[in-house]
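**Q** To start, I am sharing the structure in question, which I have written as structure tokens.
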Amino acid sequence: MTYKRPKADAVIVGLGWAGSLMAEELTRAGLDVVVIERGPYEVTHRNFPPSVAADELRYGARREALRPPSVQTLTFRNHRSQTALPGRDLSNWVVGYSVGGAGKHWSANAWRFTPADFTMATRVKERYPHMQLPEGLIVQDWGVTYDELEPHYDRWEKIAGISGKAGVLNGALQPGGNPFEGSRSAEYPTPPLERSRWNDLFHATTEKMGLHPFPIPAGTLGAAYTNPLGINLAPCTYCGFCGFYGCGNWSKSSPNACVIPALMTRKNFTLLTECTVLKAEKAADGKTVTGVTFIDSDRNIGFQPADIVIFAAFQFDNVRLMLLSQIGTPYDPATRTGTIGRAYNFQTMSYGFLYFENEYMNPFISTGALATQVDDYNGDNFDHSDLGFIGGAGILALSDQATPMGMTDRVPAGTKLWGSEWKKAFQHSYQNYAKIQGQGTSYAHAESYLSLDPNYTDDNGQPLLRMTFEFNENDRRMARFVRDRIADICRQSGAKTWEAMAFPDQPFSPTRAYDSGHTIGGTAMGLDPATSALNRYQQSWDAHNLFVIGASSFPNNAGYNPTGTLSALTLWTAKAIINDYLRQPGLLTR
Amino acid sequence: MNRREALFSLGTIAASLAVAPGLGAVELKGVPHDTQLSDDHMPQPAIRSGGFLVLSEAERRTLGALYDRLLPADEYGPSATEAGCLEFIDSQLAGHYGAGKALYLEGPIRPESELQLMGTAQFLASPLERYRSGLAALEAYAQRVDGQHLADLPAERIDALLGEMEAGRLDLGQAINSKGLFELLLQNVREGYLADPMYGGNRNMAGWKMIGFPGARYDYRPYIDRRGENLRLIPVSLIPAD
């Protein structure tokens, strides 16, 4: 059975951070907005209060807050000569599956990117004119600058109640913050979190080394707070059930806590849950789209007409929806033409795993974003002239591992993983283990891309997305450099034993423990329709009433978590729609 | 949870919402006023029937012998079976986990490249099927090679078998990936030892006491300033221990 719904001014696919922020802007501007969300309606008090959320088996091990692979997964290969295979079980692909999207279960590391991250192509030309980048590396400007995004970062931080300490306020250095950050127009809305024992040790060690430690911006709130939408949020209690969990306390920033309660009060807002959008429909003129087709929970097919269509799904799904809707030209790695699926990038990780003696780290006192970081080796904060790579990493002491099942393999290398030997080692490590994460930049490469899989389908019979990805030489060199800086810190930290590693030293696979879930790009924004799927307003070059918002727009990833930037970009795009597009529909780059 | 189940679970709130009549999507307009806990978000504790749901007595004997070598009784805490890990896994295998409801199980599978690409071996069988076939293959191996039940083998012999499985060297026949089976057993026995006691394992919170994990506590603000201190917090479960 098929049916057609009443026309909306705008239809938004997905109610995560991007979708909810866009809906908030558009409904406040008076538009009639329909959001179509694949998962069910979920709010704190009904679905994950403290009496339910503190359950590691259910959410940490079985990952019930995520979309299960049985509903939709993707296929993977390292090189295009291989046949891609589907991810069947849990992996590092962590996609949300309810109202709130990945913003419900995220670990709330709430960053801005540095100004250089948006303009690396220009930056390399100016600062490193003689640098030889590896063949095939894709480095291109975003078409939007940090200064343009700053007011939108600020707005998002205020909606989310982000905790932190400014390092650069209106151009002036501030003690205690990150001296390398782009200038901020305001302090964080809530104060920084208290430091953990491990944060303290790292802070003292790196400060002694002449580095510049600071508390990272966290969506786990530093104080009780009322956001600009009138929603009351609570101070974080450091419970440790954070990443992979919905927060039962109203103290982790999420669409569910910070935006959706306000949205639901608006008469011009309609939410369809349990409906999977299959594709956007192209208009006869070929220059616009007419709405989206979806399958509802009775498995009937609905059509939602709208003047404006906004894809705000997870990064994978935005790219897949573009391919399924046949909008734009799919990327072809053989000819290196086409833009949909091109410029896929990731997050290049390095780690230090440290084991102390006679410590009480009390790791259960934790949030997903309880961390002290140094940015001395992030982005372009240091001179790359003789290094042979661009990029870097935020290096942080992360107190985010709180619950025991997730720590069972954290025993010194070479320890037997079972029997009394393991029990003894685990008992010791639980209070003595610590980790340093190098969360590194990622640049896209001509051979890493997203496309539709020819062999495997989802539960609706549509092709799965296929990922072809391997670390490139630039990012490998960067990660090794960062690994060595982490090793320097480990050496000075007082740990009894430690190991430092660069993940690109092994081929990428989607199940490697501790790897990132930050999967980025595929519908890059930019200034040139030959190399970007979207213009600088995240508007499709090929259908001007289609906007695609999310980390899918980033042509490269910074050494930070993506949520703050995708949220700021969403608000930037919302402003362009409201202030410009509504008056004169058409390409905003006219 | 799949779509149909999600729809049924929404039925309770849908009654208080504006629902498009007849054919159509689940439509929400306005703030849902329902504040009670959602049934489908309540945890599903282990069923305490006093019996087992899926594992036979023979399977439990074999599995208990393996589990108790992976986590033996010692100065750090009770053995896996003493901590309730058999009750835990039986309950897990009887439910969605055992049925592999979250897994993508469409073929074809390509064993020759699964490990290389995906980082771990991949399976089309559900966890319950893997337990059934794996335990049967191990018992058959013990009878064939050692001439007795696996559960009757001395601890050192079971340790040796587990070590061979861990290294991927134990040949249990074409159908069984012994390394994958070892990893499944180890993952599950640790889960049984460390999950909330409501799931049948971690009896008396012995696993949490071993390492000093305070369990389902929800507010550490009074302790954050006591850095580096042995806090000696008494663990708590989501439900009262019996």
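Labels for the structure tokens follow display order: chains A, B, ..., residues from 1 in each chain, ligands from 1.
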What's around segment 145-154 of chain A at 7 Å? Count only C-alpha atoms, leave out sequence neighbours fewer than 5 positions away in its own chain, and write the answer as a ChimeraX atom specification.

**A** /A:115,118,564,568-569,571-572

**Q** Can you write out the residues you just picked, keeping all heavy atoms, as a PDB file, in the first residue's frame?

**A**
```pdb
ATOM      1  N   PRO A 115      40.967  26.931  13.212  1.00  0.00           N
ATOM      2  CA  PRO A 115      40.770  27.662  11.948  1.00  0.00           C
ATOM      3  C   PRO A 115      41.470  26.983  10.771  1.00  0.00           C
ATOM      4  O   PRO A 115      40.926  26.932   9.662  1.00  0.00           O
ATOM      5  CB  PRO A 115      41.375  29.036  12.250  1.00  0.00           C
ATOM      6  CG  PRO A 115      41.161  29.215  13.726  1.00  0.00           C
ATOM      7  CD  PRO A 115      41.339  27.834  14.324  1.00  0.00           C
ATOM      8  N   PHE A 118      39.842  24.108   8.369  1.00  0.00           N
ATOM      9  CA  PHE A 118      38.873  24.413   7.320  1.00  0.00           C
ATOM     10  C   PHE A 118      39.535  24.867   6.014  1.00  0.00           C
ATOM     11  O   PHE A 118      38.877  24.974   4.985  1.00  0.00           O
ATOM     12  CB  PHE A 118      37.904  25.513   7.782  1.00  0.00           C
ATOM     13  CG  PHE A 118      37.111  25.141   9.001  1.00  0.00           C
ATOM     14  CD1 PHE A 118      37.498  25.551  10.260  1.00  0.00           C
ATOM     15  CD2 PHE A 118      35.974  24.351   8.880  1.00  0.00           C
ATOM     16  CE1 PHE A 118      36.768  25.205  11.389  1.00  0.00           C
ATOM     17  CE2 PHE A 118      35.231  23.999   9.997  1.00  0.00           C
ATOM     18  CZ  PHE A 118      35.638  24.423  11.265  1.00  0.00           C
ATOM     19  N   GLY A 564      30.624  18.912  17.510  1.00  0.00           N
ATOM     20  CA  GLY A 564      30.528  20.367  17.626  1.00  0.00           C
ATOM     21  C   GLY A 564      30.530  21.033  16.261  1.00  0.00           C
ATOM     22  O   GLY A 564      29.749  21.962  16.001  1.00  0.00           O
ATOM     23  N   ALA A 568      27.584  23.188  14.424  1.00  0.00           N
ATOM     24  CA  ALA A 568      27.778  24.576  13.987  1.00  0.00           C
ATOM     25  C   ALA A 568      27.462  24.722  12.497  1.00  0.00           C
ATOM     26  O   ALA A 568      26.825  25.691  12.070  1.00  0.00           O
ATOM     27  CB  ALA A 568      29.213  25.018  14.276  1.00  0.00           C
ATOM     28  N   LEU A 569      27.890  23.743  11.701  1.00  0.00           N
ATOM     29  CA  LEU A 569      27.603  23.792  10.260  1.00  0.00           C
ATOM     30  C   LEU A 569      26.097  23.735   9.996  1.00  0.00           C
ATOM     31  O   LEU A 569      25.591  24.379   9.073  1.00  0.00           O
ATOM     32  CB  LEU A 569      28.281  22.622   9.540  1.00  0.00           C
ATOM     33  CG  LEU A 569      29.756  22.782   9.191  1.00  0.00           C
ATOM     34  CD1 LEU A 569      30.305  21.451   8.651  1.00  0.00           C
ATOM     35  CD2 LEU A 569      29.968  23.884   8.148  1.00  0.00           C
ATOM     36  N   LEU A 571      23.729  24.936  11.921  1.00  0.00           N
ATOM     37  CA  LEU A 571      23.155  26.248  12.229  1.00  0.00           C
ATOM     38  C   LEU A 571      23.533  27.264  11.149  1.00  0.00           C
ATOM     39  O   LEU A 571      22.739  28.136  10.787  1.00  0.00           O
ATOM     40  CB  LEU A 571      23.608  26.704  13.619  1.00  0.00           C
ATOM     41  CG  LEU A 571      23.125  25.798  14.764  1.00  0.00           C
ATOM     42  CD1 LEU A 571      23.713  26.243  16.102  1.00  0.00           C
ATOM     43  CD2 LEU A 571      21.600  25.780  14.846  1.00  0.00           C
ATOM     44  N   TRP A 572      24.743  27.143  10.621  1.00  0.00           N
ATOM     45  CA  TRP A 572      25.200  27.999   9.501  1.00  0.00           C
ATOM     46  C   TRP A 572      24.304  27.798   8.279  1.00  0.00           C
ATOM     47  O   TRP A 572      23.843  28.762   7.650  1.00  0.00           O
ATOM     48  CB  TRP A 572      26.660  27.634   9.216  1.00  0.00           C
ATOM     49  CG  TRP A 572      27.210  27.839   7.838  1.00  0.00           C
ATOM     50  CD1 TRP A 572      27.380  26.888   6.873  1.00  0.00           C
ATOM     51  CD2 TRP A 572      27.726  29.063   7.282  1.00  0.00           C
ATOM     52  NE1 TRP A 572      27.963  27.431   5.759  1.00  0.00           N
ATOM     53  CE2 TRP A 572      28.189  28.764   5.976  1.00  0.00           C
ATOM     54  CE3 TRP A 572      27.836  30.368   7.757  1.00  0.00           C
ATOM     55  CZ2 TRP A 572      28.749  29.724   5.140  1.00  0.00           C
ATOM     56  CZ3 TRP A 572      28.394  31.330   6.920  1.00  0.00           C
ATOM     57  CH2 TRP A 572      28.851  31.005   5.629  1.00  0.00           C
TER      58      TRP A 572
END
```

**Q** Hey, list the chain B side of the contact with chain A: 7 Å cut-off, only C-alpha atoms, answer as an MDAnalysis selection string.

**A** chainID B and resid 3:4 6:7 25:31 35:38 41:43 69:72 74 76 101:105 117:119 122 191 194:196 210:211 213 216:221 224 227:230 238

**Q** When you count only C-alpha atoms, which of these residues is closest to Arg483 of chain A: A:Leu534, A:Val11, A:Leu527, A:Ala393?

**A** A:Ala393

**Q** Identify, on the basis of only C-alpha atoms, every residue whose closest approach to segment 178-183 of chain B does not exceed 6 Å; exclude the query and any residue fewer than 4 positions from it along the same chain; express the result as a ChimeraX atom specification.

**A** /B:165-166,168,187

**Q** Write down as a list of chain:residue names the residues of segment 139-176 of chain B whose backbone DSSP state falls under alpha helix (DSSP H).

**A**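 Those in segment 139-176 of chain B that DSSP calls alpha helix (DSSP H) are B:Glu139, B:Ala140, B:Tyr141, B:Ala142, B:Gln143, B:Arg144, B:Val145, B:Ala155, B:Glu156, B:Arg157, B:Ile158, B:Asp159, B:Ala160, B:Leu161, B:Leu162, B:Gly163, B:Glu164, B:Met165, B:Glu166.
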
**Q** Can you work out the spacing between atom CA of Arg583 of chain A and atom CA of Val13 of chain A in Å, to one decimal?

**A** 23.1 Å

**Q** Just want the 10 Å neighbourhood of Leu128 of chain B, counted on only C-alpha atoms, with same-chain residues fewer than 2 positions away dropped. Output as a PyMOL selection string.

**A** chain B and resi 54-55+89-90+92-100+125-126+130-134

**Q** One decimal, in Å: what's the spacing between atom CA of Ile216 of chain A and atom CA of Gly177 of chain A?

**A** 8.6 Å

**Q** Smallest atom-to-atom distance to Ser567 of chain A: which of A:Ala312, A:Ala444, A:Met120, A:Ile395, using only C-alpha atoms?

**A** A:Ala312

**Q** May I ask for the distance between atom CA of Arg203 of chain B and atom CA of Gly77 of chain B, given in Å to one decimal place?

**A**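 Atom CA of Gly77 of chain B lies 10.7 Å from atom CA of Arg203 of chain B.
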
**Q** Using only C-alpha atoms, which of A:Pro192, A:Pro228, A:Gly16, A:Gly414 sits nearest Glu499 of chain A?

**A**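 For Glu499 of chain A, the nearest of the candidates is A:Gly414.
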
**Q** Could you check which of B:Gly84, B:Pro32, B:Gly163, B:Pro78 is closest to Tyr199 of chain B, using only C-alpha atoms?

**A**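 Between B:Gly84, B:Pro32, B:Gly163, B:Pro78, the residue approaching Tyr199 of chain B most closely is B:Gly84.
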
**Q** Can you pull out every residue within 10 Å of Arg184 of chain A, counting only C-alpha atoms, but drop anything in the same chain fewer than 2 positions away, and send it as a JSON list (two decimals) with all heavy atoms, in the first residue's frame?

**A**
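Output file part-v2.json follows:
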```json
[["chain", "number", "residue", "atom", "x", "y", "z"],
["A", 112, "ARG", "N", 35.37, 22.42, 19.02],
["A", 112, "ARG", "CA", 35.48, 23.22, 17.79],
["A", 112, "ARG", "C", 36.74, 22.75, 17.06],
["A", 112, "ARG", "O", 37.72, 22.35, 17.70],
["A", 112, "ARG", "CB", 35.67, 24.70, 18.12],
["A", 112, "ARG", "CG", 34.50, 25.31, 18.87],
["A", 112, "ARG", "CD", 34.80, 26.76, 19.24],
["A", 112, "ARG", "NE", 33.63, 27.35, 19.91],
["A", 112, "ARG", "CZ", 33.39, 28.65, 19.93],
["A", 112, "ARG", "NH1", 34.20, 29.51, 19.33],
["A", 112, "ARG", "NH2", 32.32, 29.12, 20.55],
["A", 147, "ASP", "N", 35.92, 31.66, 11.28],
["A", 147, "ASP", "CA", 35.31, 32.92, 11.70],
["A", 147, "ASP", "C", 33.83, 32.97, 11.33],
["A", 147, "ASP", "O", 33.01, 33.53, 12.06],
["A", 147, "ASP", "CB", 36.04, 34.12, 11.07],
["A", 147, "ASP", "CG", 37.41, 34.33, 11.70],
["A", 147, "ASP", "OD1", 37.65, 33.76, 12.79],
["A", 147, "ASP", "OD2", 38.25, 35.03, 11.10],
["A", 150, "GLU", "N", 32.04, 30.70, 13.88],
["A", 150, "GLU", "CA", 32.18, 30.99, 15.32],
["A", 150, "GLU", "C", 30.85, 31.29, 16.02],
["A", 150, "GLU", "O", 30.54, 30.70, 17.06],
["A", 150, "GLU", "CB", 33.19, 32.13, 15.53],
["A", 150, "GLU", "CG", 33.80, 32.15, 16.93],
["A", 150, "GLU", "CD", 32.89, 32.63, 18.04],
["A", 150, "GLU", "OE1", 31.98, 33.44, 17.75],
["A", 150, "GLU", "OE2", 33.07, 32.19, 19.19],
["A", 151, "PRO", "N", 30.00, 32.18, 15.48],
["A", 151, "PRO", "CA", 28.73, 32.44, 16.18],
["A", 151, "PRO", "C", 27.86, 31.20, 16.30],
["A", 151, "PRO", "O", 27.08, 31.07, 17.25],
["A", 151, "PRO", "CB", 28.04, 33.50, 15.31],
["A", 151, "PRO", "CG", 28.96, 33.84, 14.20],
["A", 151, "PRO", "CD", 30.16, 32.97, 14.25],
["A", 153, "TYR", "N", 29.05, 27.96, 16.43],
["A", 153, "TYR", "CA", 29.64, 27.15, 17.51],
["A", 153, "TYR", "C", 29.12, 27.66, 18.86],
["A", 153, "TYR", "O", 28.74, 26.89, 19.74],
["A", 153, "TYR", "CB", 31.17, 27.29, 17.51],
["A", 153, "TYR", "CG", 31.94, 26.34, 16.62],
["A", 153, "TYR", "CD1", 32.85, 26.82, 15.68],
["A", 153, "TYR", "CD2", 31.83, 24.96, 16.78],
["A", 153, "TYR", "CE1", 33.61, 25.96, 14.90],
["A", 153, "TYR", "CE2", 32.60, 24.09, 16.00],
["A", 153, "TYR", "CZ", 33.49, 24.60, 15.07],
["A", 153, "TYR", "OH", 34.23, 23.74, 14.31],
["A", 154, "ASP", "N", 29.15, 28.98, 19.01],
["A", 154, "ASP", "CA", 28.74, 29.58, 20.28],
["A", 154, "ASP", "C", 27.29, 29.25, 20.59],
["A", 154, "ASP", "O", 26.95, 28.88, 21.72],
["A", 154, "ASP", "CB", 28.96, 31.10, 20.22],
["A", 154, "ASP", "CG", 28.63, 31.77, 21.53],
["A", 154, "ASP", "OD1", 29.34, 31.49, 22.52],
["A", 154, "ASP", "OD2", 27.65, 32.52, 21.59],
["A", 166, "ALA", "N", 37.69, 28.58, 28.36],
["A", 166, "ALA", "CA", 38.19, 29.26, 27.16],
["A", 166, "ALA", "C", 39.70, 29.43, 27.26],
["A", 166, "ALA", "O", 40.24, 29.71, 28.34],
["A", 166, "ALA", "CB", 37.51, 30.61, 27.00],
["A", 167, "GLY", "N", 40.38, 29.27, 26.13],
["A", 167, "GLY", "CA", 41.83, 29.53, 26.08],
["A", 167, "GLY", "C", 42.14, 30.82, 25.35],
["A", 167, "GLY", "O", 43.14, 31.48, 25.61],
["A", 168, "VAL", "N", 41.26, 31.18, 24.40],
["A", 168, "VAL", "CA", 41.43, 32.43, 23.65],
["A", 168, "VAL", "C", 40.05, 33.09, 23.55],
["A", 168, "VAL", "O", 39.14, 32.56, 22.90],
["A", 168, "VAL", "CB", 41.98, 32.18, 22.22],
["A", 168, "VAL", "CG1", 42.22, 33.52, 21.52],
["A", 168, "VAL", "CG2", 43.26, 31.35, 22.26],
["A", 169, "LEU", "N", 39.90, 34.21, 24.25],
["A", 169, "LEU", "CA", 38.61, 34.89, 24.31],
["A", 169, "LEU", "C", 38.77, 36.26, 23.64],
["A", 169, "LEU", "O", 39.57, 37.09, 24.09],
["A", 169, "LEU", "CB", 38.20, 35.04, 25.78],
["A", 169, "LEU", "CG", 36.74, 35.27, 26.13],
["A", 169, "LEU", "CD1", 35.81, 34.29, 25.46],
["A", 169, "LEU", "CD2", 36.57, 35.20, 27.66],
["A", 170, "ASN", "N", 38.03, 36.48, 22.55],
["A", 170, "ASN", "CA", 38.16, 37.73, 21.78],
["A", 170, "ASN", "C", 39.62, 38.09, 21.52],
["A", 170, "ASN", "O", 40.05, 39.22, 21.69],
["A", 170, "ASN", "CB", 37.44, 38.87, 22.51],
["A", 170, "ASN", "CG", 35.95, 38.61, 22.62],
["A", 170, "ASN", "OD1", 35.31, 38.23, 21.62],
["A", 170, "ASN", "ND2", 35.39, 38.75, 23.80],
["A", 171, "GLY", "N", 40.37, 37.08, 21.15],
["A", 171, "GLY", "CA", 41.77, 37.27, 20.77],
["A", 171, "GLY", "C", 42.76, 37.27, 21.92],
["A", 171, "GLY", "O", 43.97, 37.27, 21.69],
["A", 172, "ALA", "N", 42.28, 37.26, 23.17],
["A", 172, "ALA", "CA", 43.19, 37.34, 24.31],
["A", 172, "ALA", "C", 43.36, 35.97, 24.96],
["A", 172, "ALA", "O", 42.38, 35.28, 25.22],
["A", 172, "ALA", "CB", 42.64, 38.34, 25.34],
["A", 181, "GLU", "N", 43.48, 27.30, 20.47],
["A", 181, "GLU", "CA", 42.15, 27.27, 19.85],
["A", 181, "GLU", "C", 41.87, 28.56, 19.08],
["A", 181, "GLU", "O", 42.48, 29.60, 19.32],
["A", 181, "GLU", "CB", 41.07, 27.05, 20.92],
["A", 181, "GLU", "CG", 40.84, 28.25, 21.82],
["A", 181, "GLU", "CD", 39.81, 27.96, 22.92],
["A", 181, "GLU", "OE1", 39.24, 26.86, 22.94],
["A", 181, "GLU", "OE2", 39.60, 28.85, 23.75],
["A", 182, "GLY", "N", 40.91, 28.47, 18.16],
["A", 182, "GLY", "CA", 40.44, 29.66, 17.48],
["A", 182, "GLY", "C", 39.78, 30.59, 18.49],
["A", 182, "GLY", "O", 39.23, 30.13, 19.50],
["A", 186, "ALA", "N", 32.81, 34.00, 23.46],
["A", 186, "ALA", "CA", 32.26, 33.89, 24.82],
["A", 186, "ALA", "C", 32.90, 32.71, 25.54],
["A", 186, "ALA", "O", 33.40, 31.78, 24.90],
["A", 186, "ALA", "CB", 30.75, 33.72, 24.78],
["A", 187, "GLU", "N", 32.86, 32.77, 26.86],
["A", 187, "GLU", "CA", 33.30, 31.65, 27.69],
["A", 187, "GLU", "C", 32.32, 30.49, 27.48],
["A", 187, "GLU", "O", 31.23, 30.67, 26.95],
["A", 187, "GLU", "CB", 33.29, 32.15, 29.15],
["A", 187, "GLU", "CG", 34.03, 31.39, 30.23],
["A", 187, "GLU", "CD", 35.24, 30.54, 29.88],
["A", 187, "GLU", "OE1", 35.06, 29.51, 29.21],
["A", 187, "GLU", "OE2", 36.35, 30.87, 30.32],
["A", 188, "TYR", "N", 32.70, 29.29, 27.88],
["A", 188, "TYR", "CA", 31.78, 28.15, 27.84],
["A", 188, "TYR", "C", 30.61, 28.41, 28.78],
["A", 188, "TYR", "O", 30.77, 29.04, 29.83],
["A", 188, "TYR", "CB", 32.49, 26.87, 28.26],
["A", 188, "TYR", "CG", 33.43, 26.35, 27.20],
["A", 188, "TYR", "CD1", 34.78, 26.68, 27.22],
["A", 188, "TYR", "CD2", 32.95, 25.55, 26.17],
["A", 188, "TYR", "CE1", 35.64, 26.22, 26.24],
["A", 188, "TYR", "CE2", 33.81, 25.07, 25.18],
["A", 188, "TYR", "CZ", 35.15, 25.41, 25.22],
["A", 188, "TYR", "OH", 35.99, 24.95, 24.25]]
```
